[in-house]
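Shown next: protein_19.csv, given as CSV, C-alpha atoms and all ligand atoms.
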```csv
chain,number,residue,atom,x,y,z
A,1,MET,CA,-16.3,36.1,-110.5
A,2,ASN,CA,-13.6,34.8,-108.2
A,3,PHE,CA,-14.1,31.2,-107.2
A,4,HIS,CA,-12.8,28.7,-104.6
A,5,TYR,CA,-13.6,25.2,-105.9
A,6,HIS,CA,-14.3,22.4,-103.4
A,7,LEU,CA,-13.6,19.1,-105.2
A,8,LEU,CA,-15.4,16.1,-103.8
A,9,ILE,CA,-13.8,13.1,-105.4
A,10,ASN,CA,-15.0,9.5,-105.3
A,11,PRO,CA,-11.7,7.8,-106.5
A,12,ALA,CA,-13.5,4.4,-106.8
A,13,ALA,CA,-16.1,5.6,-109.3
A,14,GLY,CA,-15.7,4.2,-112.8
A,15,SER,CA,-13.5,1.6,-111.1
A,16,GLY,CA,-10.7,4.1,-110.7
A,17,THR,CA,-11.4,6.4,-113.7
A,18,ALA,CA,-12.5,9.1,-111.3
A,19,ASN,CA,-9.1,9.2,-109.6
A,20,LYS,CA,-7.3,9.8,-113.0
A,21,LYS,CA,-9.9,12.3,-114.1
A,22,ALA,CA,-9.5,14.2,-110.7
A,23,SER,CA,-5.7,14.4,-111.3
A,24,GLN,CA,-6.3,15.8,-114.8
A,25,LEU,CA,-8.8,18.3,-113.4
A,26,ILE,CA,-6.4,19.4,-110.6
A,27,ASP,CA,-3.6,19.9,-113.2
A,28,LEU,CA,-5.9,22.2,-115.1
A,29,PHE,CA,-6.7,24.2,-112.0
A,30,ASP,CA,-3.0,24.5,-111.2
A,31,GLN,CA,-2.2,25.6,-114.8
A,32,ASN,CA,-4.9,28.3,-114.5
A,33,ASP,CA,-4.0,29.4,-111.0
A,34,PHE,CA,-7.5,28.6,-109.7
A,35,THR,CA,-7.8,27.9,-106.0
A,36,TYR,CA,-9.3,24.6,-104.8
A,37,THR,CA,-9.5,22.1,-102.0
A,38,PRO,CA,-9.8,18.4,-102.8
A,39,TYR,CA,-11.6,15.9,-100.5
A,40,TYR,CA,-11.3,12.2,-101.4
A,41,THR,CA,-13.8,9.7,-100.1
A,42,THR,CA,-12.2,6.6,-98.5
A,43,TYR,CA,-15.3,4.4,-98.1
A,44,ALA,CA,-18.8,4.2,-99.5
A,45,GLY,CA,-21.1,6.8,-97.9
A,46,GLU,CA,-18.3,9.1,-96.9
A,47,GLU,CA,-19.4,11.6,-99.6
A,48,LYS,CA,-22.5,12.4,-97.4
A,49,GLU,CA,-20.3,13.1,-94.3
A,50,ILE,CA,-18.0,15.4,-96.4
A,51,VAL,CA,-21.1,17.3,-97.8
A,52,LYS,CA,-22.5,17.7,-94.2
A,53,ARG,CA,-19.2,19.4,-93.2
A,54,LEU,CA,-19.1,21.5,-96.4
A,55,ILE,CA,-22.6,22.8,-96.5
A,56,GLY,CA,-21.9,25.9,-94.3
A,57,PHE,CA,-19.0,26.9,-96.5
A,58,LEU,CA,-20.7,26.8,-99.9
A,59,THR,CA,-22.2,30.0,-101.4
A,60,PRO,CA,-25.9,30.0,-102.2
A,61,TRP,CA,-26.8,31.4,-105.6
A,62,ASP,CA,-28.2,34.9,-106.0
A,63,GLU,CA,-28.4,36.8,-109.3
A,64,GLU,CA,-27.2,40.0,-107.4
A,65,LEU,CA,-23.8,38.4,-107.0
A,66,LEU,CA,-23.1,39.3,-110.6
A,67,GLN,CA,-23.3,43.0,-109.8
A,68,GLN,CA,-21.2,42.9,-106.6
A,69,PRO,CA,-17.4,43.4,-106.4
A,70,ASP,CA,-15.3,40.2,-106.1
A,71,ASP,CA,-14.1,40.7,-102.5
A,72,GLU,CA,-15.2,37.3,-101.3
A,73,PRO,CA,-14.6,34.1,-103.4
A,74,TYR,CA,-17.7,32.1,-104.6
A,75,HIS,CA,-17.4,28.7,-102.9
A,76,LEU,CA,-18.6,26.1,-105.4
A,77,LEU,CA,-18.7,22.3,-104.9
A,78,ILE,CA,-17.6,20.1,-107.8
A,79,VAL,CA,-18.4,16.4,-107.6
A,80,VAL,CA,-16.0,14.1,-109.3
A,81,GLY,CA,-17.6,10.7,-109.6
A,82,GLY,CA,-20.4,8.8,-111.3
A,83,ASP,CA,-24.2,9.3,-111.2
A,84,GLY,CA,-24.3,7.5,-107.9
A,85,THR,CA,-22.0,9.9,-106.1
A,86,LEU,CA,-23.9,12.9,-107.5
A,87,HIS,CA,-27.1,11.3,-106.3
A,88,GLN,CA,-25.8,10.9,-102.8
A,89,VAL,CA,-24.6,14.5,-102.7
A,90,VAL,CA,-27.8,16.1,-103.9
A,91,ASN,CA,-29.8,13.9,-101.6
A,92,GLN,CA,-27.7,15.1,-98.7
A,93,PHE,CA,-28.5,18.7,-99.8
A,94,TYR,CA,-32.2,17.8,-100.0
A,95,LEU,CA,-32.3,16.1,-96.6
A,96,THR,CA,-30.6,19.1,-95.0
A,97,GLY,CA,-33.1,21.4,-96.7
A,98,VAL,CA,-30.6,23.5,-98.7
A,99,ASN,CA,-30.6,24.2,-102.5
A,100,LEU,CA,-27.0,25.0,-103.3
A,101,PRO,CA,-25.5,25.1,-106.8
A,102,ILE,CA,-23.3,22.2,-107.6
A,103,SER,CA,-20.9,21.3,-110.4
A,104,TYR,CA,-19.9,18.0,-111.8
A,105,LEU,CA,-17.1,16.2,-113.6
A,106,PRO,CA,-18.6,13.0,-114.9
A,107,ALA,CA,-16.2,10.1,-114.0
A,108,GLY,CA,-18.3,7.0,-113.5
A,109,SER,CA,-19.0,4.2,-115.9
A,110,GLY,CA,-22.5,5.3,-117.1
A,111,ASN,CA,-22.5,9.1,-116.7
A,112,ASP,CA,-26.1,9.4,-117.9
A,113,PHE,CA,-26.8,12.7,-116.1
A,114,ALA,CA,-24.0,14.4,-117.9
A,115,ARG,CA,-25.2,13.0,-121.3
A,116,GLY,CA,-28.7,14.2,-120.4
A,117,ILE,CA,-27.8,17.8,-119.6
A,118,GLY,CA,-25.1,18.1,-122.3
A,119,LEU,CA,-22.0,18.2,-120.1
A,120,SER,CA,-18.9,16.8,-121.8
A,121,LEU,CA,-17.4,13.4,-120.6
A,122,GLN,CA,-13.9,14.7,-121.6
A,123,VAL,CA,-12.1,16.4,-118.7
A,124,GLU,CA,-10.8,19.5,-120.6
A,125,SER,CA,-14.1,20.3,-122.2
A,126,ALA,CA,-16.0,19.7,-119.0
A,127,PHE,CA,-13.5,22.0,-117.2
A,128,ARG,CA,-14.2,24.7,-119.8
A,129,GLN,CA,-17.9,24.3,-119.4
A,130,ILE,CA,-17.6,24.5,-115.6
A,131,THR,CA,-15.1,27.3,-115.2
A,132,GLY,CA,-16.6,29.3,-118.2
A,133,ALA,CA,-20.0,29.6,-116.5
A,134,ASP,CA,-20.9,32.8,-114.6
A,135,ARG,CA,-24.2,31.4,-113.3
A,136,PRO,CA,-25.8,28.0,-112.7
A,137,GLN,CA,-28.6,26.5,-114.8
A,138,LYS,CA,-31.9,25.3,-113.2
A,139,ILE,CA,-32.3,21.6,-114.0
A,140,ASN,CA,-35.4,19.7,-113.3
A,141,VAL,CA,-35.1,16.8,-110.8
A,142,LEU,CA,-37.7,14.2,-109.6
A,143,LEU,CA,-38.8,13.9,-105.9
A,144,TYR,CA,-40.1,10.6,-104.8
A,145,GLU,CA,-41.9,9.4,-101.7
A,146,GLU,CA,-42.1,5.7,-101.1
A,147,LYS,CA,-45.1,5.2,-98.7
A,148,ILE,CA,-44.5,1.5,-97.7
A,149,SER,CA,-40.9,2.1,-96.3
A,150,GLU,CA,-41.6,5.8,-95.6
A,151,GLU,CA,-38.5,6.7,-97.6
A,152,TYR,CA,-38.1,9.9,-99.7
A,153,GLY,CA,-35.5,11.4,-101.8
A,154,LEU,CA,-34.5,13.2,-105.0
A,155,VAL,CA,-33.3,11.7,-108.3
A,156,LEU,CA,-31.5,13.4,-111.2
A,157,ASN,CA,-31.8,10.6,-113.7
A,158,ASN,CA,-34.4,7.9,-113.0
A,159,VAL,CA,-36.1,5.4,-110.7
A,160,GLY,CA,-36.7,2.0,-112.2
A,161,ILE,CA,-38.6,-1.1,-111.0
A,162,GLY,CA,-38.0,-4.4,-112.8
A,163,LEU,CA,-35.4,-5.1,-115.5
A,164,ASP,CA,-33.1,-2.0,-115.2
A,165,ALA,CA,-33.1,-2.4,-111.4
A,166,LEU,CA,-32.2,-6.1,-111.6
A,167,ILE,CA,-29.3,-5.1,-113.9
A,168,VAL,CA,-28.1,-2.5,-111.4
A,169,ALA,CA,-28.4,-5.0,-108.5
A,170,THR,CA,-26.4,-7.6,-110.3
A,171,THR,CA,-23.8,-5.3,-112.0
A,172,ASN,CA,-23.0,-3.2,-108.9
A,173,ALA,CA,-22.3,-6.4,-107.0
A,174,SER,CA,-20.1,-8.0,-109.7
A,175,ALA,CA,-16.4,-8.3,-110.1
A,176,SER,CA,-16.7,-8.3,-113.9
A,177,LYS,CA,-17.9,-4.6,-113.8
A,178,LYS,CA,-14.6,-3.6,-112.3
A,179,LEU,CA,-12.7,-5.7,-114.9
A,180,LEU,CA,-14.7,-4.4,-117.8
A,181,ASN,CA,-14.3,-0.8,-116.6
A,182,LYS,CA,-10.6,-1.3,-116.4
A,183,TYR,CA,-10.6,-2.0,-120.1
A,184,LYS,CA,-13.0,1.0,-120.7
A,185,LEU,CA,-15.8,-1.4,-121.4
A,186,GLY,CA,-18.2,-0.3,-118.6
A,187,PHE,CA,-21.1,-0.3,-121.1
A,188,ALA,CA,-20.4,-4.0,-121.8
A,189,SER,CA,-21.1,-4.9,-118.2
A,190,TYR,CA,-24.6,-3.5,-118.6
A,191,GLY,CA,-24.8,-5.5,-121.9
A,192,LEU,CA,-23.8,-8.7,-120.3
A,193,TYR,CA,-26.1,-8.3,-117.4
A,194,LEU,CA,-28.9,-7.1,-119.7
A,195,ILE,CA,-28.9,-10.5,-121.4
A,196,LYS,CA,-28.8,-12.3,-118.1
A,197,ALA,CA,-31.6,-10.1,-116.7
A,198,LEU,CA,-33.7,-10.7,-119.9
A,199,LEU,CA,-33.7,-14.4,-119.1
A,200,THR,CA,-34.4,-14.1,-115.4
A,201,GLN,CA,-36.7,-11.0,-115.0
A,202,LYS,CA,-40.3,-12.3,-114.5
A,203,THR,CA,-43.3,-10.1,-115.5
A,204,PHE,CA,-45.2,-8.4,-112.6
A,205,PRO,CA,-48.4,-6.3,-112.2
A,206,ILE,CA,-48.3,-2.6,-111.5
A,207,LEU,CA,-50.8,0.2,-111.0
A,208,VAL,CA,-50.0,3.6,-112.5
A,209,GLU,CA,-51.9,6.7,-111.4
A,210,ILE,CA,-51.7,9.9,-113.5
A,211,ASN,CA,-53.9,12.9,-112.8
A,212,GLY,CA,-56.4,10.7,-110.9
A,213,HIS,CA,-56.6,8.3,-113.8
A,214,LYS,CA,-55.6,4.7,-112.8
A,215,GLN,CA,-54.2,2.1,-115.3
A,216,GLU,CA,-53.1,-1.4,-114.6
A,217,PHE,CA,-50.3,-3.3,-116.4
A,218,ASN,CA,-50.4,-7.0,-115.7
A,219,ARG,CA,-47.2,-8.2,-117.5
A,220,THR,CA,-44.8,-5.4,-116.7
A,221,PHE,CA,-41.2,-6.1,-117.5
A,222,LEU,CA,-39.7,-2.6,-117.1
A,223,CYS,CA,-41.1,0.5,-115.4
A,224,THR,CA,-38.8,3.5,-115.5
A,225,THR,CA,-39.7,7.0,-114.3
A,226,THR,CA,-37.2,9.3,-115.8
A,227,ASN,CA,-35.9,12.9,-115.9
A,228,ILE,CA,-33.4,12.4,-118.8
A,229,PRO,CA,-33.4,10.3,-122.0
A,230,TYR,CA,-30.8,7.8,-120.9
A,231,PHE,CA,-30.2,4.9,-118.5
A,232,GLY,CA,-27.6,2.1,-118.3
A,233,GLY,CA,-24.7,4.2,-119.8
A,234,GLY,CA,-26.3,6.0,-122.8
A,235,ILE,CA,-29.3,3.8,-123.7
A,236,PRO,CA,-31.9,6.3,-124.9
A,237,ILE,CA,-34.9,4.6,-123.2
A,238,ALA,CA,-37.0,7.9,-123.2
A,239,PRO,CA,-35.6,10.1,-126.1
A,240,MET,CA,-38.5,12.6,-125.4
A,241,ALA,CA,-37.4,13.3,-121.8
A,242,ASP,CA,-35.9,16.7,-121.3
A,243,PRO,CA,-34.3,17.7,-117.9
A,244,ARG,CA,-35.0,21.4,-118.7
A,245,LYS,CA,-38.8,20.8,-118.5
A,246,GLU,CA,-40.7,20.5,-115.2
A,247,MET,CA,-42.0,17.1,-116.3
A,248,ILE,CA,-41.8,13.4,-115.4
A,249,ASP,CA,-41.5,10.8,-118.1
A,250,LEU,CA,-42.6,7.3,-117.5
A,251,VAL,CA,-41.8,4.3,-119.7
A,252,VAL,CA,-43.7,1.0,-119.1
A,253,ILE,CA,-42.8,-2.1,-121.2
A,254,GLU,CA,-44.9,-5.2,-121.0
A,255,LYS,CA,-43.5,-8.5,-122.1
A,256,PRO,CA,-45.7,-10.8,-124.1
A,257,ASN,CA,-42.8,-13.2,-124.9
A,258,LEU,CA,-39.0,-13.2,-125.3
A,259,PHE,CA,-39.0,-12.7,-129.1
A,260,ALA,CA,-41.1,-9.6,-128.8
A,261,ILE,CA,-38.6,-8.2,-126.2
A,262,ILE,CA,-35.6,-9.1,-128.5
A,263,ARG,CA,-37.4,-7.3,-131.3
A,264,LEU,CA,-37.9,-4.2,-129.1
A,265,LEU,CA,-34.2,-4.3,-128.1
A,266,LEU,CA,-33.1,-4.3,-131.7
A,267,GLN,CA,-35.4,-1.4,-132.4
A,268,LEU,CA,-33.9,0.4,-129.3
A,269,LEU,CA,-30.5,0.1,-131.0
A,270,GLN,CA,-31.9,1.7,-134.1
A,271,LYS,CA,-33.8,4.3,-131.9
A,272,LYS,CA,-37.1,3.1,-133.4
A,273,HIS,CA,-38.4,1.6,-130.2
A,274,THR,CA,-40.9,4.3,-129.3
A,275,ASN,CA,-43.3,3.0,-132.0
A,276,ASN,CA,-43.3,-0.5,-130.7
A,277,ARG,CA,-46.7,-1.4,-129.4
A,278,HIS,CA,-45.3,-2.9,-126.1
A,279,TYR,CA,-43.6,0.5,-125.4
A,280,ARG,CA,-45.9,2.8,-123.4
A,281,HIS,CA,-44.9,6.4,-122.6
A,282,PHE,CA,-46.6,8.9,-120.2
A,283,SER,CA,-45.7,12.4,-119.3
A,284,SER,CA,-47.0,14.3,-116.2
A,285,SER,CA,-45.9,16.5,-113.3
A,286,ARG,CA,-47.2,14.0,-110.8
A,287,ILE,CA,-47.2,10.2,-111.1
A,288,ARG,CA,-47.9,7.3,-108.7
A,289,ILE,CA,-46.6,3.8,-109.3
A,290,VAL,CA,-47.6,0.7,-107.2
A,291,SER,CA,-45.9,-2.7,-107.3
A,292,VAL,CA,-47.3,-5.0,-104.6
A,293,ASP,CA,-45.1,-7.8,-106.0
A,294,PRO,CA,-41.6,-7.4,-104.5
A,295,GLN,CA,-39.3,-6.2,-107.2
A,296,HIS,CA,-35.8,-4.8,-107.5
A,297,GLY,CA,-35.7,-1.0,-107.5
A,298,GLN,CA,-32.9,1.5,-108.5
A,299,ALA,CA,-32.5,5.2,-108.1
A,300,ASP,CA,-29.8,6.9,-110.3
A,301,GLY,CA,-28.1,3.5,-110.5
A,302,GLU,CA,-28.1,3.0,-106.7
A,303,ASN,CA,-29.7,-0.2,-105.5
A,304,MET,CA,-33.0,0.4,-103.6
A,305,GLY,CA,-33.5,-3.2,-102.7
A,306,GLN,CA,-36.1,-5.9,-103.6
A,307,ARG,CA,-39.4,-5.1,-102.1
A,308,SER,CA,-43.0,-3.8,-102.7
A,309,TYR,CA,-43.2,-0.2,-103.9
A,310,ASP,CA,-45.8,2.6,-103.6
A,311,LEU,CA,-44.0,5.6,-105.2
A,312,TYR,CA,-45.3,9.1,-105.6
A,313,PHE,CA,-43.3,11.3,-107.9
A,314,SER,CA,-43.3,15.1,-108.3
A,315,THR,CA,-40.8,17.6,-109.6
A,316,SER,CA,-38.3,20.1,-108.1
A,317,SER,CA,-35.1,21.8,-109.4
A,318,GLN,CA,-31.4,21.8,-108.7
A,319,TYR,CA,-28.9,24.4,-109.8
A,320,ILE,CA,-26.0,22.9,-111.9
A,321,TRP,CA,-23.0,25.1,-112.5
A,322,TYR,CA,-22.0,24.8,-116.2
A,323,THR,CA,-22.4,26.4,-119.6
A,324,ASP,CA,-23.7,24.6,-122.7
A,325,LYS,CA,-21.2,23.0,-125.0
A,326,GLN,CA,-19.6,25.6,-127.4
B,401,LIG,N1,-14.0,5.6,-101.7
B,401,LIG,C1,-15.0,4.8,-102.0
B,401,LIG,N2,-14.9,3.5,-102.2
B,401,LIG,C2,-15.9,2.7,-102.5
B,401,LIG,N3,-17.2,3.2,-102.8
B,401,LIG,C3,-17.4,4.5,-102.7
B,401,LIG,C4,-16.3,5.4,-102.3
B,401,LIG,N4,-16.8,6.7,-102.2
B,401,LIG,C5,-18.1,6.6,-102.5
B,401,LIG,N5,-18.5,5.3,-102.8
B,401,LIG,C6,-19.8,4.8,-103.2
B,401,LIG,O1,-19.8,4.7,-104.7
B,401,LIG,C7,-21.2,4.8,-105.1
B,401,LIG,C8,-21.3,5.7,-106.3
B,401,LIG,O2,-20.5,5.2,-107.3
B,401,LIG,P1,-20.8,5.9,-108.7
B,401,LIG,O3,-22.1,5.6,-109.2
B,401,LIG,O4,-20.5,7.4,-108.6
B,401,LIG,O5,-19.7,5.3,-109.6
B,401,LIG,P2,-19.9,4.1,-110.7
B,401,LIG,O6,-20.8,3.1,-110.2
B,401,LIG,O7,-18.6,3.7,-111.2
B,401,LIG,O8,-20.6,5.0,-111.9
B,401,LIG,P3,-22.0,4.8,-112.7
B,401,LIG,O9,-23.1,5.0,-111.7
B,401,LIG,O10,-21.9,5.9,-113.6
B,401,LIG,O11,-21.9,3.4,-113.3
B,401,LIG,C9,-22.0,5.4,-103.9
B,401,LIG,O12,-22.8,4.3,-103.4
B,401,LIG,C10,-20.9,5.8,-102.9
B,401,LIG,O13,-21.3,5.7,-101.6
```
Output the file's structure in the form of structure tokens.
Ligand SMILES: Nc1ncnc2c1ncn2[C@@H]1O[C@H](COP(=O)(O)OP(=O)(O)OP(=O)(O)O)[C@@H](O)[C@H]1O
Amino acid sequence: MNFHYHLLINPAAGSGTANKKASQLIDLFDQNDFTYTPYYTTYAGEEKEIVKRLIGFLTPWDEELLQQPDDEPYHLLIVVGGDGTLHQVVNQFYLTGVNLPISYLPAGSGNDFARGIGLSLQVESAFRQITGADRPQKINVLLYEEKISEEYGLVLNNVGIGLDALIVATTNASASKKLLNKYKLGFASYGLYLIKALLTQKTFPILVEINGHKQEFNRTFLCTTTNIPYFGGGIPIAPMADPRKEMIDLVVIEKPNLFAIIRLLLQLLQKKHTNNRHYRHFSSSRIRIVSVDPQHGQADGENMGQRSYDLYFSTSSQYIWYTDKQ
């Protein structure tokens, strides 16, 4: 197939890492005589404006394209940024009602989606995975509807209420994240804020409804609905989650006391946390979560605000253009 690549670059992602990775990617396109058009965002939110303008140019996926002659180039969008940039782009697709393939060069500080689908974090390898693919892969995504604020959207990674969302709210607002990213210590910013959040996050009651079966958790500390195993830059909170399955994974952790949580965190580092009795896991194609108590929320690392939540989750799919690692 003959491609024209549209590169949507958030140069601020990964505190500037994305700008460097975009230059490396562009060098590889030039060396291989591939045609492309770069679009750089200049402010937060501009990625959605760029996508709105590009939607009409991008080519929808159809298996029959493989049999047809290469007269017309295939117009493919490649997002260069972090999980948040990708989140904004696919949500713009969703709100516009289109399901176009998309490709991705992970260049944020966490890059959990790329880890989850097996897309390399190294520019050259990711370039080979993107340009070596002749068709996209169907990846599961989660749809959510929040009834109180009448808000809906799509997530590639996870939606969290409680601890992880408090970490997102504080890290995204902090200057130290930028500083730590500068020294390639993005994961350390999550670590620092994890400790702070552990000491400040209070427990809260939630109601979970799965297949008509209601369950209450009165001392919830963390409640993460996820599509992939990771959050917070590679922390395998739900190792059983698989973005190739049409399934939603839910992890609820209750906090009896601080020592029990520290024990669980140590087990998490050794990947033995799923056996801890305070770790609860559920899997279903439809899940409802209610927190009347106002809590921080996060969607793919983007802050959803501190408020009450009544969330309904279901599944859908998104075409991602890449091949598996060789
Ligand atoms: N030019 C820009 N300057 C500042 N913010 C931007 C710009 N372009 C996009 N954004 C905002 O950046 C956010 C997404 O950042 P993203 O998550 O991709 O990077 P990150 O936070 O460094 O990575 P990660 O989520 O992996 O930690 C979005 O909210 C988006 O609106």
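The smallest atom-to-atom distance between ligand LIG 401 (chain B) and any of A:Tyr104, A:Tyr74, A:Phe34, A:Phe29, using only C-alpha atoms and all ligand atoms, is found for A:Tyr104.
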Using all atoms listed in the file, determine which residues fall within 10 Å of ligand LIG 401 (chain B), then list them as a JSON list (two decimals) with C-alpha atoms, keeping the file's coordinate frame.
```json
[["chain", "number", "residue", "atom", "x", "y", "z"],
["A", 8, "LEU", "CA", -15.40, 16.10, -103.80],
["A", 9, "ILE", "CA", -13.80, 13.10, -105.40],
["A", 10, "ASN", "CA", -15.00, 9.50, -105.30],
["A", 11, "PRO", "CA", -11.70, 7.80, -106.50],
["A", 12, "ALA", "CA", -13.50, 4.40, -106.80],
["A", 13, "ALA", "CA", -16.10, 5.60, -109.30],
["A", 14, "GLY", "CA", -15.70, 4.20, -112.80],
["A", 15, "SER", "CA", -13.50, 1.60, -111.10],
["A", 16, "GLY", "CA", -10.70, 4.10, -110.70],
["A", 17, "THR", "CA", -11.40, 6.40, -113.70],
["A", 18, "ALA", "CA", -12.50, 9.10, -111.30],
["A", 19, "ASN", "CA", -9.10, 9.20, -109.60],
["A", 40, "TYR", "CA", -11.30, 12.20, -101.40],
["A", 41, "THR", "CA", -13.80, 9.70, -100.10],
["A", 42, "THR", "CA", -12.20, 6.60, -98.50],
["A", 43, "TYR", "CA", -15.30, 4.40, -98.10],
["A", 44, "ALA", "CA", -18.80, 4.20, -99.50],
["A", 45, "GLY", "CA", -21.10, 6.80, -97.90],
["A", 46, "GLU", "CA", -18.30, 9.10, -96.90],
["A", 47, "GLU", "CA", -19.40, 11.60, -99.60],
["A", 48, "LYS", "CA", -22.50, 12.40, -97.40],
["A", 79, "VAL", "CA", -18.40, 16.40, -107.60],
["A", 80, "VAL", "CA", -16.00, 14.10, -109.30],
["A", 81, "GLY", "CA", -17.60, 10.70, -109.60],
["A", 82, "GLY", "CA", -20.40, 8.80, -111.30],
["A", 83, "ASP", "CA", -24.20, 9.30, -111.20],
["A", 84, "GLY", "CA", -24.30, 7.50, -107.90],
["A", 85, "THR", "CA", -22.00, 9.90, -106.10],
["A", 86, "LEU", "CA", -23.90, 12.90, -107.50],
["A", 87, "HIS", "CA", -27.10, 11.30, -106.30],
["A", 88, "GLN", "CA", -25.80, 10.90, -102.80],
["A", 89, "VAL", "CA", -24.60, 14.50, -102.70],
["A", 106, "PRO", "CA", -18.60, 13.00, -114.90],
["A", 107, "ALA", "CA", -16.20, 10.10, -114.00],
["A", 108, "GLY", "CA", -18.30, 7.00, -113.50],
["A", 109, "SER", "CA", -19.00, 4.20, -115.90],
["A", 110, "GLY", "CA", -22.50, 5.30, -117.10],
["A", 111, "ASN", "CA", -22.50, 9.10, -116.70],
["A", 112, "ASP", "CA", -26.10, 9.40, -117.90],
["A", 113, "PHE", "CA", -26.80, 12.70, -116.10],
["A", 114, "ALA", "CA", -24.00, 14.40, -117.90],
["A", 168, "VAL", "CA", -28.10, -2.50, -111.40],
["A", 171, "THR", "CA", -23.80, -5.30, -112.00],
["A", 172, "ASN", "CA", -23.00, -3.20, -108.90],
["A", 177, "LYS", "CA", -17.90, -4.60, -113.80],
["A", 178, "LYS", "CA", -14.60, -3.60, -112.30],
["A", 181, "ASN", "CA", -14.30, -0.80, -116.60],
["A", 186, "GLY", "CA", -18.20, -0.30, -118.60],
["A", 187, "PHE", "CA", -21.10, -0.30, -121.10],
["A", 189, "SER", "CA", -21.10, -4.90, -118.20],
["A", 190, "TYR", "CA", -24.60, -3.50, -118.60],
["A", 231, "PHE", "CA", -30.20, 4.90, -118.50],
["A", 232, "GLY", "CA", -27.60, 2.10, -118.30],
["A", 233, "GLY", "CA", -24.70, 4.20, -119.80],
["A", 300, "ASP", "CA", -29.80, 6.90, -110.30],
["A", 301, "GLY", "CA", -28.10, 3.50, -110.50],
["A", 302, "GLU", "CA", -28.10, 3.00, -106.70],
["A", 303, "ASN", "CA", -29.70, -0.20, -105.50]]
```
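Take the candidates A:Leu7, A:Leu166, A:Ile117, A:Val98 and check each one against Ala241 of chain A using only C-alpha atoms; the shortest distance goes to A:Ile117.
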Item to complete: Just give me the residues with any atom within 9 Å of (-43.4, 16.9, -115.5), file coordinates, counting only C-alpha atoms, written as a VMD selection string.
Response: chain A and resid 140 142 227 245 to 249 283 to 287 314 to 315
Practice prompt. Measure the distance from atom CA of Tyr319 of chain A to atom CA of Asn99 of chain A in Å and round it to one decimal.
Written response: 7.5 Å
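Compared by their closest atoms to His213 of chain A, and using only C-alpha atoms, the residues A:Phe282, A:Tyr94, A:Tyr5, A:Phe127 rank with A:Phe282 nearest.
The nearest approach to Leu143 of chain A among the residues A:Leu77, A:Val155, A:Ile289, A:Leu264, with all atoms listed in the file taken into account, belongs to A:Val155.
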